[in-house]
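Source file protein_36.cif; content: mmCIF, C-alpha atoms.
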```cif
data_protein
loop_
_atom_site.group_PDB
_atom_site.id
_atom_site.type_symbol
_atom_site.label_atom_id
_atom_site.label_comp_id
_atom_site.auth_asym_id
_atom_site.auth_seq_id
_atom_site.Cartn_x
_atom_site.Cartn_y
_atom_site.Cartn_z
ATOM 1 C CA MET A 556 12.094 25.715 0.101
ATOM 2 C CA SER A 557 9.337 25.807 -2.458
ATOM 3 C CA GLU A 558 6.313 23.689 -1.663
ATOM 4 C CA LYS A 559 5.307 21.183 -4.280
ATOM 5 C CA SER A 560 1.606 20.682 -4.628
ATOM 6 C CA PRO A 561 0.609 17.195 -3.425
ATOM 7 C CA LEU A 562 -1.104 16.523 -6.734
ATOM 8 C CA LYS A 563 2.198 16.650 -8.579
ATOM 9 C CA LEU A 564 3.812 14.063 -6.355
ATOM 10 C CA ASN A 565 3.267 10.459 -7.260
ATOM 11 C CA PRO A 566 2.336 8.084 -4.418
ATOM 12 C CA ARG A 567 5.889 6.804 -3.982
ATOM 13 C CA GLU A 568 7.359 10.293 -3.739
ATOM 14 C CA LYS A 569 4.661 11.249 -1.265
ATOM 15 C CA PHE A 570 5.424 8.160 0.794
ATOM 16 C CA LEU A 571 9.168 8.798 0.712
ATOM 17 C CA SER A 572 8.805 12.397 1.764
ATOM 18 C CA LEU A 573 6.550 11.309 4.615
ATOM 19 C CA ILE A 574 9.139 8.763 5.745
ATOM 20 C CA MET A 575 11.883 11.397 5.623
ATOM 21 C CA GLU A 576 9.755 13.741 7.715
ATOM 22 C CA LEU A 577 9.160 11.027 10.282
ATOM 23 C CA ILE A 578 12.860 10.168 10.464
ATOM 24 C CA ASN A 579 13.855 13.822 10.783
ATOM 25 C CA SER A 580 11.315 14.469 13.499
ATOM 26 C CA SER A 581 12.294 11.362 15.460
ATOM 27 C CA LEU A 582 16.064 11.920 15.255
ATOM 28 C CA PRO A 583 16.295 14.440 18.126
ATOM 29 C CA PHE A 584 14.276 12.101 20.314
ATOM 30 C CA ILE A 585 16.493 9.123 19.452
ATOM 31 C CA ASN A 586 19.636 11.133 20.170
ATOM 32 C CA LYS A 587 18.227 12.269 23.494
ATOM 33 C CA PHE A 588 17.295 8.706 24.350
ATOM 34 C CA ASP A 589 20.779 7.418 23.448
ATOM 35 C CA ARG A 590 22.400 10.076 25.605
ATOM 36 C CA SER A 591 20.223 9.295 28.590
ATOM 37 C CA CYS A 592 21.070 5.616 28.232
ATOM 38 C CA GLU A 593 24.773 6.424 28.154
ATOM 39 C CA ASP A 594 24.413 8.629 31.229
ATOM 40 C CA ASN A 595 22.664 5.850 33.080
ATOM 41 C CA SER A 596 25.311 3.292 32.220
ATOM 42 C CA GLU A 597 28.111 5.337 33.794
#
```

What is this file in structure tokens?
Amino acid sequence: MSEKSPLKLNPREKFLSLIMELINSSLPFINKFDRSCEDNSE
């Protein structure tokens, strides 16, 4: 992946990319949490 310089991104693109990063980083945690809830319900 080539890094874009922050200056070339407009504020909305910067915001969107930040949101995507947050979602991607939180997905493993959410999946783990869901699994542990399922395990507890059995």

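Atom CA of A:Leu582 sits 24.9 Å away from atom CA of A:Leu564.
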
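Between atom CA of A:Leu573 and atom CA of A:Ile585 lies a distance of 18.0 Å.
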
Quick one, how far is atom CA of A:Lys569 from atom CA of A:Pro583?
-> 22.8 Å

Using the file's own x, y and z axes, what box holds all listed atoms of stretch 567-571 of chain A with 4 Å on each side, keeping edges along x, y and z, and what are its centre and edge lengths in Å to one decimal, as lines of an AutoDock Vina configuration file?
```
center_x = 6.9
center_y = 9.0
center_z = -1.6
size_x = 12.5
size_y = 12.4
size_z = 12.8
```

Filled-in N, CA and C atoms of stretch 565-577 of chain A, supplied as a PDB file, keeping the file's coordinate frame:
```
ATOM      1  N   ASN A 565       3.890  11.767  -7.112  1.00  0.00           N
ATOM      2  CA  ASN A 565       3.267  10.459  -7.260  1.00  0.00           C
ATOM      3  C   ASN A 565       3.259   9.774  -5.892  1.00  0.00           C
ATOM      4  N   PRO A 566       2.484   8.718  -5.739  1.00  0.00           N
ATOM      5  CA  PRO A 566       2.336   8.084  -4.418  1.00  0.00           C
ATOM      6  C   PRO A 566       3.664   7.708  -3.769  1.00  0.00           C
ATOM      7  N   ARG A 567       4.609   7.221  -4.560  1.00  0.00           N
ATOM      8  CA  ARG A 567       5.889   6.804  -3.982  1.00  0.00           C
ATOM      9  C   ARG A 567       6.650   7.997  -3.449  1.00  0.00           C
ATOM     10  N   GLU A 568       6.682   9.083  -4.205  1.00  0.00           N
ATOM     11  CA  GLU A 568       7.359  10.293  -3.739  1.00  0.00           C
ATOM     12  C   GLU A 568       6.702  10.818  -2.467  1.00  0.00           C
ATOM     13  N   LYS A 569       5.386  10.779  -2.443  1.00  0.00           N
ATOM     14  CA  LYS A 569       4.661  11.249  -1.265  1.00  0.00           C
ATOM     15  C   LYS A 569       5.035  10.395  -0.059  1.00  0.00           C
ATOM     16  N   PHE A 570       5.080   9.087  -0.275  1.00  0.00           N
ATOM     17  CA  PHE A 570       5.424   8.160   0.794  1.00  0.00           C
ATOM     18  C   PHE A 570       6.846   8.409   1.287  1.00  0.00           C
ATOM     19  N   LEU A 571       7.772   8.560   0.341  1.00  0.00           N
ATOM     20  CA  LEU A 571       9.168   8.798   0.712  1.00  0.00           C
ATOM     21  C   LEU A 571       9.331  10.090   1.497  1.00  0.00           C
ATOM     22  N   SER A 572       8.683  11.120   1.062  1.00  0.00           N
ATOM     23  CA  SER A 572       8.805  12.397   1.764  1.00  0.00           C
ATOM     24  C   SER A 572       8.205  12.293   3.164  1.00  0.00           C
ATOM     25  N   LEU A 573       7.145  11.525   3.296  1.00  0.00           N
ATOM     26  CA  LEU A 573       6.550  11.309   4.615  1.00  0.00           C
ATOM     27  C   LEU A 573       7.528  10.565   5.521  1.00  0.00           C
ATOM     28  N   ILE A 574       8.155   9.525   4.984  1.00  0.00           N
ATOM     29  CA  ILE A 574       9.139   8.763   5.745  1.00  0.00           C
ATOM     30  C   ILE A 574      10.289   9.666   6.190  1.00  0.00           C
ATOM     31  N   MET A 575      10.783  10.487   5.280  1.00  0.00           N
ATOM     32  CA  MET A 575      11.883  11.397   5.623  1.00  0.00           C
ATOM     33  C   MET A 575      11.466  12.351   6.742  1.00  0.00           C
ATOM     34  N   GLU A 576      10.250  12.840   6.666  1.00  0.00           N
ATOM     35  CA  GLU A 576       9.755  13.741   7.715  1.00  0.00           C
ATOM     36  C   GLU A 576       9.713  13.024   9.055  1.00  0.00           C
ATOM     37  N   LEU A 577       9.236  11.801   9.039  1.00  0.00           N
ATOM     38  CA  LEU A 577       9.160  11.027  10.282  1.00  0.00           C
ATOM     39  C   LEU A 577      10.550  10.797  10.863  1.00  0.00           C
TER      40      LEU A 577
END
```
